[in-house]
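The next block is work-v2.cif, given as mmCIF, N, CA and C atoms and all ligand atoms.
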```cif
data_work
#
loop_
_atom_site.label_atom_id
_atom_site.label_comp_id
_atom_site.auth_asym_id
_atom_site.auth_seq_id
_atom_site.Cartn_x
_atom_site.Cartn_y
_atom_site.Cartn_z
N MET A 1 -41.50 -14.53 -108.92
CA MET A 1 -40.80 -14.88 -107.68
C MET A 1 -40.39 -16.35 -107.80
N GLY A 2 -41.24 -17.19 -107.51
CA GLY A 2 -41.06 -18.62 -107.66
C GLY A 2 -39.76 -19.17 -107.14
N GLU A 3 -38.78 -19.22 -108.04
CA GLU A 3 -37.61 -20.05 -107.77
C GLU A 3 -36.84 -19.67 -106.52
N GLU A 4 -36.55 -18.42 -106.37
CA GLU A 4 -35.75 -18.01 -105.21
C GLU A 4 -36.47 -18.36 -103.91
N LEU A 5 -37.77 -18.12 -103.92
CA LEU A 5 -38.57 -18.42 -102.73
C LEU A 5 -38.65 -19.92 -102.46
N SER A 6 -38.89 -20.67 -103.54
CA SER A 6 -39.11 -22.11 -103.33
C SER A 6 -37.84 -22.79 -102.83
N LEU A 7 -36.70 -22.22 -103.14
CA LEU A 7 -35.43 -22.78 -102.68
C LEU A 7 -35.39 -22.85 -101.15
N PHE A 8 -35.96 -21.85 -100.52
CA PHE A 8 -35.90 -21.79 -99.06
C PHE A 8 -37.24 -22.03 -98.38
N SER A 9 -38.26 -22.32 -99.17
CA SER A 9 -39.60 -22.40 -98.60
C SER A 9 -39.69 -23.48 -97.52
N HIS A 10 -38.89 -24.56 -97.64
CA HIS A 10 -38.98 -25.63 -96.64
C HIS A 10 -38.57 -25.12 -95.25
N CYS A 11 -37.77 -24.07 -95.19
CA CYS A 11 -37.32 -23.54 -93.90
C CYS A 11 -38.47 -22.92 -93.12
N PHE A 12 -39.49 -22.52 -93.84
CA PHE A 12 -40.56 -21.78 -93.18
C PHE A 12 -41.82 -22.60 -92.99
N GLU A 13 -41.79 -23.83 -93.43
CA GLU A 13 -42.96 -24.69 -93.23
C GLU A 13 -43.02 -25.10 -91.77
N PRO A 14 -44.17 -24.87 -91.15
CA PRO A 14 -44.29 -25.10 -89.71
C PRO A 14 -44.22 -26.57 -89.32
N SER A 15 -44.59 -27.46 -90.20
CA SER A 15 -44.58 -28.88 -89.80
C SER A 15 -44.14 -29.72 -90.99
N GLY A 16 -44.16 -30.99 -90.83
CA GLY A 16 -43.82 -31.87 -91.95
C GLY A 16 -42.32 -31.96 -92.14
N THR A 17 -41.77 -31.06 -92.92
CA THR A 17 -40.34 -31.12 -93.21
C THR A 17 -39.49 -30.79 -91.98
N GLN A 18 -40.09 -30.13 -90.98
CA GLN A 18 -39.33 -29.74 -89.79
C GLN A 18 -38.66 -30.96 -89.14
N GLY A 19 -39.39 -32.07 -89.08
CA GLY A 19 -38.84 -33.27 -88.48
C GLY A 19 -37.58 -33.72 -89.20
N ARG A 20 -37.62 -33.67 -90.52
CA ARG A 20 -36.44 -34.07 -91.30
C ARG A 20 -35.27 -33.13 -91.03
N LEU A 21 -35.56 -31.84 -90.90
CA LEU A 21 -34.50 -30.87 -90.60
C LEU A 21 -33.88 -31.16 -89.24
N ASP A 22 -34.72 -31.44 -88.25
CA ASP A 22 -34.21 -31.72 -86.91
C ASP A 22 -33.30 -32.95 -86.92
N ALA A 23 -33.69 -33.96 -87.69
CA ALA A 23 -32.88 -35.18 -87.77
C ALA A 23 -31.51 -34.84 -88.33
N ARG A 24 -31.49 -33.99 -89.33
CA ARG A 24 -30.23 -33.59 -89.93
C ARG A 24 -29.40 -32.75 -88.96
N MET A 25 -30.09 -31.94 -88.15
CA MET A 25 -29.39 -31.06 -87.22
C MET A 25 -28.53 -31.87 -86.25
N GLY A 26 -28.98 -33.05 -85.86
CA GLY A 26 -28.24 -33.87 -84.93
C GLY A 26 -26.86 -34.27 -85.43
N GLN A 27 -26.63 -34.16 -86.72
CA GLN A 27 -25.34 -34.56 -87.29
C GLN A 27 -24.47 -33.35 -87.59
N MET A 28 -24.92 -32.20 -87.18
CA MET A 28 -24.19 -30.99 -87.54
C MET A 28 -23.42 -30.45 -86.35
N ARG A 29 -22.47 -29.59 -86.64
CA ARG A 29 -21.66 -28.99 -85.59
C ARG A 29 -22.00 -27.51 -85.53
N LEU A 30 -22.13 -27.00 -84.32
CA LEU A 30 -22.37 -25.58 -84.13
C LEU A 30 -21.20 -25.02 -83.34
N THR A 31 -20.48 -24.09 -83.94
CA THR A 31 -19.30 -23.54 -83.28
C THR A 31 -19.35 -22.01 -83.33
N ILE A 32 -18.62 -21.43 -82.42
CA ILE A 32 -18.40 -19.99 -82.50
C ILE A 32 -16.88 -19.76 -82.46
N THR A 33 -16.43 -18.87 -83.30
CA THR A 33 -15.03 -18.46 -83.29
C THR A 33 -14.98 -16.98 -82.95
N ALA A 34 -14.24 -16.67 -81.90
CA ALA A 34 -14.04 -15.26 -81.53
C ALA A 34 -12.57 -14.94 -81.74
N ALA A 35 -12.29 -13.71 -82.04
CA ALA A 35 -10.90 -13.30 -82.29
C ALA A 35 -10.63 -11.94 -81.67
N ILE A 36 -9.40 -11.77 -81.26
CA ILE A 36 -8.94 -10.46 -80.80
C ILE A 36 -7.66 -10.12 -81.55
N HIS A 37 -7.28 -8.87 -81.52
CA HIS A 37 -6.02 -8.44 -82.11
C HIS A 37 -5.08 -8.00 -81.00
N ALA A 38 -3.83 -8.38 -81.11
CA ALA A 38 -2.86 -8.02 -80.08
C ALA A 38 -1.46 -8.05 -80.69
N ARG A 39 -0.60 -7.20 -80.19
CA ARG A 39 0.77 -7.18 -80.71
C ARG A 39 1.76 -7.59 -79.63
N TRP A 40 2.57 -8.57 -79.97
CA TRP A 40 3.72 -8.93 -79.15
C TRP A 40 4.76 -9.50 -80.09
N GLY A 41 5.94 -9.76 -79.54
CA GLY A 41 7.02 -10.24 -80.38
C GLY A 41 7.33 -11.71 -80.16
N HIS A 42 8.10 -12.26 -81.08
CA HIS A 42 8.69 -13.58 -80.85
C HIS A 42 10.03 -13.65 -81.57
N ARG A 43 10.82 -14.60 -81.14
CA ARG A 43 12.16 -14.76 -81.70
C ARG A 43 12.25 -16.13 -82.35
N VAL A 44 12.41 -16.12 -83.66
CA VAL A 44 12.47 -17.36 -84.43
C VAL A 44 13.71 -17.30 -85.33
N ASP A 45 14.49 -18.37 -85.34
CA ASP A 45 15.74 -18.39 -86.11
C ASP A 45 16.63 -17.20 -85.75
N GLY A 46 16.60 -16.81 -84.49
CA GLY A 46 17.44 -15.72 -84.03
C GLY A 46 16.93 -14.34 -84.39
N LEU A 47 15.81 -14.28 -85.06
CA LEU A 47 15.27 -12.99 -85.50
C LEU A 47 14.09 -12.58 -84.61
N ILE A 48 14.23 -11.41 -83.97
CA ILE A 48 13.14 -10.91 -83.13
C ILE A 48 12.27 -9.98 -83.98
N HIS A 49 10.99 -10.13 -83.89
CA HIS A 49 10.07 -9.27 -84.63
C HIS A 49 8.69 -9.36 -83.96
N THR A 50 7.82 -8.43 -84.31
CA THR A 50 6.47 -8.48 -83.76
C THR A 50 5.47 -8.73 -84.89
N HIS A 51 4.27 -9.09 -84.50
CA HIS A 51 3.17 -9.21 -85.45
C HIS A 51 1.95 -8.53 -84.85
N ALA A 52 1.06 -8.08 -85.73
CA ALA A 52 -0.28 -7.67 -85.29
C ALA A 52 -1.12 -8.94 -85.31
N TRP A 53 -0.92 -9.74 -84.28
CA TRP A 53 -1.55 -11.07 -84.23
C TRP A 53 -3.08 -10.97 -84.22
N GLN A 54 -3.69 -11.94 -84.87
CA GLN A 54 -5.11 -12.19 -84.62
C GLN A 54 -5.15 -13.51 -83.87
N VAL A 55 -5.75 -13.48 -82.69
CA VAL A 55 -5.80 -14.66 -81.83
C VAL A 55 -7.23 -15.16 -81.81
N GLU A 56 -7.41 -16.42 -82.22
CA GLU A 56 -8.76 -16.96 -82.35
C GLU A 56 -8.97 -18.17 -81.46
N ALA A 57 -10.18 -18.35 -81.01
CA ALA A 57 -10.56 -19.58 -80.32
C ALA A 57 -11.93 -20.00 -80.83
N THR A 58 -12.07 -21.31 -81.04
CA THR A 58 -13.33 -21.86 -81.51
C THR A 58 -13.88 -22.82 -80.47
N VAL A 59 -15.16 -22.65 -80.17
CA VAL A 59 -15.83 -23.47 -79.16
C VAL A 59 -17.03 -24.14 -79.83
N GLU A 60 -17.20 -25.42 -79.51
CA GLU A 60 -18.33 -26.16 -80.06
C GLU A 60 -19.35 -26.42 -78.97
N GLY A 61 -20.63 -26.31 -79.35
CA GLY A 61 -21.70 -26.61 -78.40
C GLY A 61 -22.74 -27.48 -79.07
N PRO A 62 -23.79 -27.83 -78.33
CA PRO A 62 -24.87 -28.62 -78.93
C PRO A 62 -25.45 -27.88 -80.13
N ASP A 63 -25.82 -28.62 -81.18
CA ASP A 63 -26.24 -27.94 -82.40
C ASP A 63 -27.57 -27.22 -82.27
N ASP A 64 -28.26 -27.41 -81.13
CA ASP A 64 -29.51 -26.68 -80.92
C ASP A 64 -29.33 -25.55 -79.88
N ALA A 65 -28.08 -25.27 -79.52
CA ALA A 65 -27.83 -24.22 -78.52
C ALA A 65 -28.24 -22.85 -79.07
N ASP A 66 -28.88 -22.05 -78.23
CA ASP A 66 -29.19 -20.68 -78.64
C ASP A 66 -27.89 -19.89 -78.74
N ILE A 67 -27.02 -20.09 -77.78
CA ILE A 67 -25.71 -19.45 -77.77
C ILE A 67 -24.69 -20.50 -77.33
N VAL A 68 -23.71 -20.76 -78.16
CA VAL A 68 -22.68 -21.75 -77.80
C VAL A 68 -21.89 -21.26 -76.60
N MET A 69 -21.45 -20.02 -76.70
CA MET A 69 -20.73 -19.36 -75.61
C MET A 69 -20.79 -17.86 -75.90
N PRO A 70 -21.05 -17.06 -74.88
CA PRO A 70 -21.11 -15.61 -75.14
C PRO A 70 -19.78 -15.13 -75.74
N ALA A 71 -19.85 -14.48 -76.88
CA ALA A 71 -18.64 -14.03 -77.58
C ALA A 71 -17.80 -13.10 -76.70
N ASP A 72 -18.48 -12.26 -75.92
CA ASP A 72 -17.74 -11.33 -75.05
C ASP A 72 -16.87 -12.08 -74.05
N ASP A 73 -17.40 -13.18 -73.50
CA ASP A 73 -16.63 -13.98 -72.53
C ASP A 73 -15.40 -14.59 -73.20
N LEU A 74 -15.63 -15.12 -74.39
CA LEU A 74 -14.53 -15.77 -75.11
C LEU A 74 -13.44 -14.73 -75.45
N GLU A 75 -13.86 -13.57 -75.90
CA GLU A 75 -12.90 -12.52 -76.23
C GLU A 75 -12.12 -12.07 -74.98
N SER A 76 -12.82 -11.95 -73.85
CA SER A 76 -12.15 -11.57 -72.61
C SER A 76 -11.09 -12.59 -72.22
N MET A 77 -11.40 -13.86 -72.38
CA MET A 77 -10.45 -14.91 -72.03
C MET A 77 -9.23 -14.88 -72.93
N LEU A 78 -9.46 -14.57 -74.21
CA LEU A 78 -8.32 -14.46 -75.14
C LEU A 78 -7.45 -13.26 -74.74
N THR A 79 -8.09 -12.15 -74.44
CA THR A 79 -7.36 -10.94 -74.05
C THR A 79 -6.53 -11.19 -72.80
N GLU A 80 -7.16 -11.86 -71.82
CA GLU A 80 -6.47 -12.18 -70.57
C GLU A 80 -5.28 -13.11 -70.80
N ALA A 81 -5.46 -14.08 -71.69
CA ALA A 81 -4.41 -15.08 -71.93
C ALA A 81 -3.15 -14.45 -72.51
N VAL A 82 -3.32 -13.50 -73.42
CA VAL A 82 -2.14 -12.94 -74.09
C VAL A 82 -1.66 -11.62 -73.45
N ALA A 83 -2.42 -11.10 -72.49
CA ALA A 83 -2.05 -9.82 -71.85
C ALA A 83 -0.60 -9.82 -71.33
N PRO A 84 -0.14 -10.91 -70.69
CA PRO A 84 1.24 -10.89 -70.17
C PRO A 84 2.30 -10.80 -71.28
N TRP A 85 1.93 -11.04 -72.52
CA TRP A 85 2.90 -11.04 -73.62
C TRP A 85 3.09 -9.65 -74.22
N MET A 86 2.18 -8.73 -73.93
CA MET A 86 2.28 -7.37 -74.47
C MET A 86 3.58 -6.73 -73.97
N GLY A 87 4.27 -6.06 -74.85
CA GLY A 87 5.53 -5.41 -74.46
C GLY A 87 6.68 -6.39 -74.32
N HIS A 88 6.45 -7.62 -74.70
CA HIS A 88 7.47 -8.66 -74.61
C HIS A 88 7.68 -9.35 -75.96
N TYR A 89 8.81 -10.03 -76.06
CA TYR A 89 8.95 -10.99 -77.15
C TYR A 89 9.20 -12.35 -76.52
N LEU A 90 8.52 -13.35 -77.06
CA LEU A 90 8.67 -14.71 -76.54
C LEU A 90 9.93 -15.31 -77.13
N THR A 91 10.72 -15.92 -76.27
CA THR A 91 12.00 -16.47 -76.72
C THR A 91 12.42 -17.61 -75.80
N HIS A 92 13.18 -18.56 -76.34
CA HIS A 92 13.72 -19.61 -75.46
C HIS A 92 15.15 -19.27 -75.04
N GLU A 93 15.62 -18.08 -75.48
CA GLU A 93 16.96 -17.66 -75.13
C GLU A 93 16.94 -16.16 -74.88
N ASP A 94 17.32 -15.76 -73.68
CA ASP A 94 17.30 -14.34 -73.32
C ASP A 94 18.46 -13.61 -73.99
N VAL A 95 18.15 -12.74 -74.94
CA VAL A 95 19.21 -11.96 -75.59
C VAL A 95 19.05 -10.47 -75.27
N GLY A 96 18.25 -10.18 -74.23
CA GLY A 96 18.12 -8.80 -73.77
C GLY A 96 16.99 -8.05 -74.44
N THR A 97 16.85 -6.81 -74.01
CA THR A 97 15.76 -5.97 -74.52
C THR A 97 15.94 -5.70 -76.01
N TRP A 98 14.83 -5.69 -76.74
CA TRP A 98 14.85 -5.41 -78.18
C TRP A 98 13.78 -4.35 -78.47
N LYS A 99 14.22 -3.17 -78.92
CA LYS A 99 13.30 -2.06 -79.25
C LYS A 99 12.26 -1.84 -78.16
N GLY A 100 12.69 -1.94 -76.93
CA GLY A 100 11.78 -1.70 -75.81
C GLY A 100 10.98 -2.93 -75.39
N PHE A 101 11.07 -3.99 -76.18
CA PHE A 101 10.37 -5.23 -75.83
C PHE A 101 11.26 -6.08 -74.92
N GLN A 102 10.70 -6.51 -73.81
CA GLN A 102 11.44 -7.34 -72.86
C GLN A 102 11.30 -8.82 -73.24
N PRO A 103 12.37 -9.59 -73.02
CA PRO A 103 12.27 -11.03 -73.29
C PRO A 103 11.35 -11.72 -72.30
N LEU A 104 10.59 -12.66 -72.78
CA LEU A 104 9.75 -13.50 -71.92
C LEU A 104 10.09 -14.94 -72.27
N LEU A 105 10.73 -15.61 -71.35
CA LEU A 105 11.27 -16.93 -71.66
C LEU A 105 10.20 -18.02 -71.73
N VAL A 106 10.25 -18.79 -72.79
CA VAL A 106 9.40 -19.96 -72.94
C VAL A 106 10.32 -21.17 -73.15
N GLU A 107 9.74 -22.35 -73.01
CA GLU A 107 10.55 -23.57 -73.00
C GLU A 107 11.24 -23.86 -74.33
N LYS A 108 10.47 -23.75 -75.42
CA LYS A 108 11.01 -24.08 -76.74
C LYS A 108 11.03 -22.84 -77.61
N GLU A 109 11.70 -22.92 -78.75
CA GLU A 109 11.71 -21.80 -79.68
C GLU A 109 10.26 -21.35 -79.95
N ALA A 110 10.05 -20.05 -79.85
CA ALA A 110 8.69 -19.50 -79.88
C ALA A 110 8.15 -19.36 -81.31
N THR A 111 8.12 -20.48 -82.03
CA THR A 111 7.50 -20.46 -83.35
C THR A 111 6.01 -20.22 -83.17
N VAL A 112 5.33 -19.91 -84.25
CA VAL A 112 3.88 -19.70 -84.16
C VAL A 112 3.22 -21.00 -83.68
N GLU A 113 3.74 -22.12 -84.15
CA GLU A 113 3.20 -23.42 -83.73
C GLU A 113 3.33 -23.61 -82.21
N GLU A 114 4.49 -23.25 -81.68
CA GLU A 114 4.71 -23.39 -80.23
C GLU A 114 3.80 -22.42 -79.46
N ILE A 115 3.63 -21.22 -79.98
CA ILE A 115 2.75 -20.25 -79.31
C ILE A 115 1.30 -20.78 -79.31
N ALA A 116 0.91 -21.44 -80.39
CA ALA A 116 -0.44 -22.03 -80.45
C ALA A 116 -0.59 -23.09 -79.35
N ARG A 117 0.45 -23.90 -79.15
CA ARG A 117 0.39 -24.92 -78.09
C ARG A 117 0.31 -24.27 -76.70
N ILE A 118 1.08 -23.21 -76.49
CA ILE A 118 1.04 -22.50 -75.21
C ILE A 118 -0.36 -21.93 -74.97
N LEU A 119 -0.90 -21.33 -76.01
CA LEU A 119 -2.25 -20.75 -75.93
C LEU A 119 -3.29 -21.83 -75.60
N TRP A 120 -3.15 -22.98 -76.24
CA TRP A 120 -4.08 -24.09 -75.97
C TRP A 120 -4.00 -24.50 -74.50
N ARG A 121 -2.77 -24.63 -73.99
CA ARG A 121 -2.60 -25.05 -72.59
C ARG A 121 -3.19 -24.01 -71.64
N LEU A 122 -3.13 -22.73 -72.01
CA LEU A 122 -3.70 -21.68 -71.16
C LEU A 122 -5.23 -21.70 -71.18
N LEU A 123 -5.80 -21.92 -72.35
CA LEU A 123 -7.24 -21.76 -72.52
C LEU A 123 -8.05 -23.03 -72.23
N GLU A 124 -7.49 -24.17 -72.62
CA GLU A 124 -8.27 -25.41 -72.60
C GLU A 124 -8.89 -25.73 -71.23
N PRO A 125 -8.15 -25.58 -70.13
CA PRO A 125 -8.77 -25.91 -68.83
C PRO A 125 -9.95 -25.00 -68.48
N ALA A 126 -9.98 -23.81 -69.04
CA ALA A 126 -11.00 -22.82 -68.66
C ALA A 126 -12.19 -22.79 -69.62
N ILE A 127 -12.05 -23.44 -70.77
CA ILE A 127 -13.10 -23.32 -71.78
C ILE A 127 -13.61 -24.70 -72.20
N PRO A 128 -14.71 -25.14 -71.61
CA PRO A 128 -15.28 -26.42 -72.04
C PRO A 128 -15.74 -26.30 -73.51
N GLY A 129 -15.47 -27.30 -74.28
CA GLY A 129 -15.90 -27.27 -75.67
C GLY A 129 -14.91 -26.61 -76.61
N LEU A 130 -13.75 -26.22 -76.09
CA LEU A 130 -12.74 -25.61 -76.96
C LEU A 130 -12.29 -26.64 -77.99
N THR A 131 -12.37 -26.30 -79.25
CA THR A 131 -11.96 -27.25 -80.30
C THR A 131 -10.78 -26.74 -81.11
N GLU A 132 -10.51 -25.44 -81.03
CA GLU A 132 -9.41 -24.93 -81.85
C GLU A 132 -8.90 -23.60 -81.32
N VAL A 133 -7.60 -23.42 -81.40
CA VAL A 133 -7.02 -22.09 -81.24
C VAL A 133 -6.25 -21.81 -82.52
N ALA A 134 -6.19 -20.56 -82.89
CA ALA A 134 -5.49 -20.20 -84.12
C ALA A 134 -4.79 -18.87 -83.93
N LEU A 135 -3.66 -18.76 -84.59
CA LEU A 135 -2.90 -17.52 -84.60
C LEU A 135 -2.69 -17.10 -86.04
N VAL A 136 -3.19 -15.93 -86.36
CA VAL A 136 -2.96 -15.35 -87.67
C VAL A 136 -1.85 -14.33 -87.48
N GLU A 137 -0.74 -14.53 -88.18
CA GLU A 137 0.42 -13.66 -87.96
C GLU A 137 0.10 -12.21 -88.20
N SER A 138 -0.62 -11.95 -89.25
CA SER A 138 -0.91 -10.56 -89.57
C SER A 138 -1.94 -10.51 -90.68
N THR A 139 -2.76 -9.50 -90.62
CA THR A 139 -3.69 -9.30 -91.74
C THR A 139 -3.41 -7.96 -92.39
N GLU A 140 -2.27 -7.35 -92.05
CA GLU A 140 -2.04 -5.97 -92.49
C GLU A 140 -1.22 -5.89 -93.78
N PHE A 141 -0.65 -7.02 -94.22
CA PHE A 141 0.17 -6.98 -95.42
C PHE A 141 -0.50 -7.74 -96.56
N ASP A 142 0.26 -7.94 -97.64
CA ASP A 142 -0.32 -8.61 -98.79
C ASP A 142 -0.18 -10.13 -98.70
N ARG A 143 0.14 -10.62 -97.50
CA ARG A 143 0.17 -12.06 -97.27
C ARG A 143 -0.25 -12.31 -95.83
N CYS A 144 -0.59 -13.51 -95.54
CA CYS A 144 -1.16 -13.81 -94.24
C CYS A 144 -0.95 -15.29 -93.94
N ARG A 145 -0.41 -15.59 -92.77
CA ARG A 145 -0.16 -16.99 -92.40
C ARG A 145 -0.92 -17.31 -91.13
N THR A 146 -1.49 -18.50 -91.10
CA THR A 146 -2.30 -18.92 -89.95
C THR A 146 -1.85 -20.29 -89.47
N VAL A 147 -1.71 -20.44 -88.17
CA VAL A 147 -1.46 -21.75 -87.58
C VAL A 147 -2.66 -22.10 -86.73
N ARG A 148 -3.20 -23.29 -86.95
CA ARG A 148 -4.36 -23.74 -86.19
C ARG A 148 -4.02 -25.01 -85.44
N LEU A 149 -4.48 -25.07 -84.20
CA LEU A 149 -4.32 -26.28 -83.39
C LEU A 149 -5.72 -26.69 -82.98
N SER A 150 -6.14 -27.86 -83.42
CA SER A 150 -7.52 -28.23 -83.17
C SER A 150 -7.67 -29.71 -82.82
N ARG A 151 -8.83 -30.03 -82.26
CA ARG A 151 -9.14 -31.44 -81.99
C ARG A 151 -10.49 -31.77 -82.59
ZN ZN A 201 6.92 -14.15 -86.73
#
```
Any chance you could give the structure as structure tokens?
Ligand SMILES: [Zn+2]
Amino acid sequence: MGEELSLFSHCFEPSGTQGRLDARMGQMRLTITAAIHARWGHRVDGLIHTHAWQVEATVEGPDDADIVMPADDLESMLTEAVAPWMGHYLTHEDVGTWKGFQPLLVEKEATVEEIARILWRLLEPAIPGLTEVALVESTEFDRCRTVRLSR
């Protein structure tokens, strides 16, 4: 046995090294990232299309927190935030219905970056400790793009 056990043995020592671990803990960050999947459209460079978005939010709490934030609550807030976008495509120019998707007007061109900013503005007031929102365009193909907005 030896080596594998000794690598982690300090984690299980009841005293002594525990103090050193606690000191180190004060410099660490404890975060939770929750994600939901949702489909809506956006119009970029005049092209309307949808994505199977993955919408993520990351919350930071004290590094000794038992739970930074209940994941269910965070997921519910994400679902609520993007619910109005279902069945719509985000656009700064109304060009009418597209494949059954209704236009939903936003201020600027609805790039993924702009949607991340909108999402931040929706979530930040309601979620203390929010440090990042992210949009993954899709995980269903052989490529995947992510935009993250964080502080
Ligand atoms: Zn797109």
Checklist entry - Restricting the calculation to only C-alpha atoms, which member of A:Val136, A:Val95, A:Leu104, A:Val112 is positioned closest to Ala52 (chain A)? => result A:Val136
Checklist entry - What separation in Å, quoted to one decimal, exists between atom C of Val147 (chain A) and atom N of Gly26 (chain A)? => result 28.5 Å
Next on the checklist: Nearest residue to Thr33 (chain A) out of A:Trp120, A:Ala57, A:His49, A:Glu137, using all atoms listed in the file?
Outcome noted: A:Ala57
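Summary of the local environment: counting all atoms listed in the file, residues at most 6.5 Å from Leu149 (chain A), other than itself and those fewer than 4 positions away along its chain, are Ala116, Thr131, Glu132, Val133, Ala134 and Leu135 of chain A.
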Quick one: which chain A residues come within 8 Å of ligand ZN 201 (chain A), and what is the nearest atom pair for each with the distance in Å to one decimal, counting only C-alpha atoms and all ligand atoms, rows ordered by chain and ascending number, as JSON lines?
```
{"residue": "A:Gly41", "atom": "CA", "partner": "A:ZN201", "partner_atom": "ZN", "distance": 7.5}
{"residue": "A:His42", "atom": "CA", "partner": "A:ZN201", "partner_atom": "ZN", "distance": 6.2}
{"residue": "A:Arg43", "atom": "CA", "partner": "A:ZN201", "partner_atom": "ZN", "distance": 7.3}
{"residue": "A:Val44", "atom": "CA", "partner": "A:ZN201", "partner_atom": "ZN", "distance": 6.8}
{"residue": "A:Ile48", "atom": "CA", "partner": "A:ZN201", "partner_atom": "ZN", "distance": 7.9}
{"residue": "A:His49", "atom": "CA", "partner": "A:ZN201", "partner_atom": "ZN", "distance": 6.2}
{"residue": "A:Thr50", "atom": "CA", "partner": "A:ZN201", "partner_atom": "ZN", "distance": 6.4}
{"residue": "A:His51", "atom": "CA", "partner": "A:ZN201", "partner_atom": "ZN", "distance": 6.3}
{"residue": "A:Thr111", "atom": "CA", "partner": "A:ZN201", "partner_atom": "ZN", "distance": 7.2}
{"residue": "A:Val112", "atom": "CA", "partner": "A:ZN201", "partner_atom": "ZN", "distance": 6.8}
{"residue": "A:Glu137", "atom": "CA", "partner": "A:ZN201", "partner_atom": "ZN", "distance": 6.6}
```
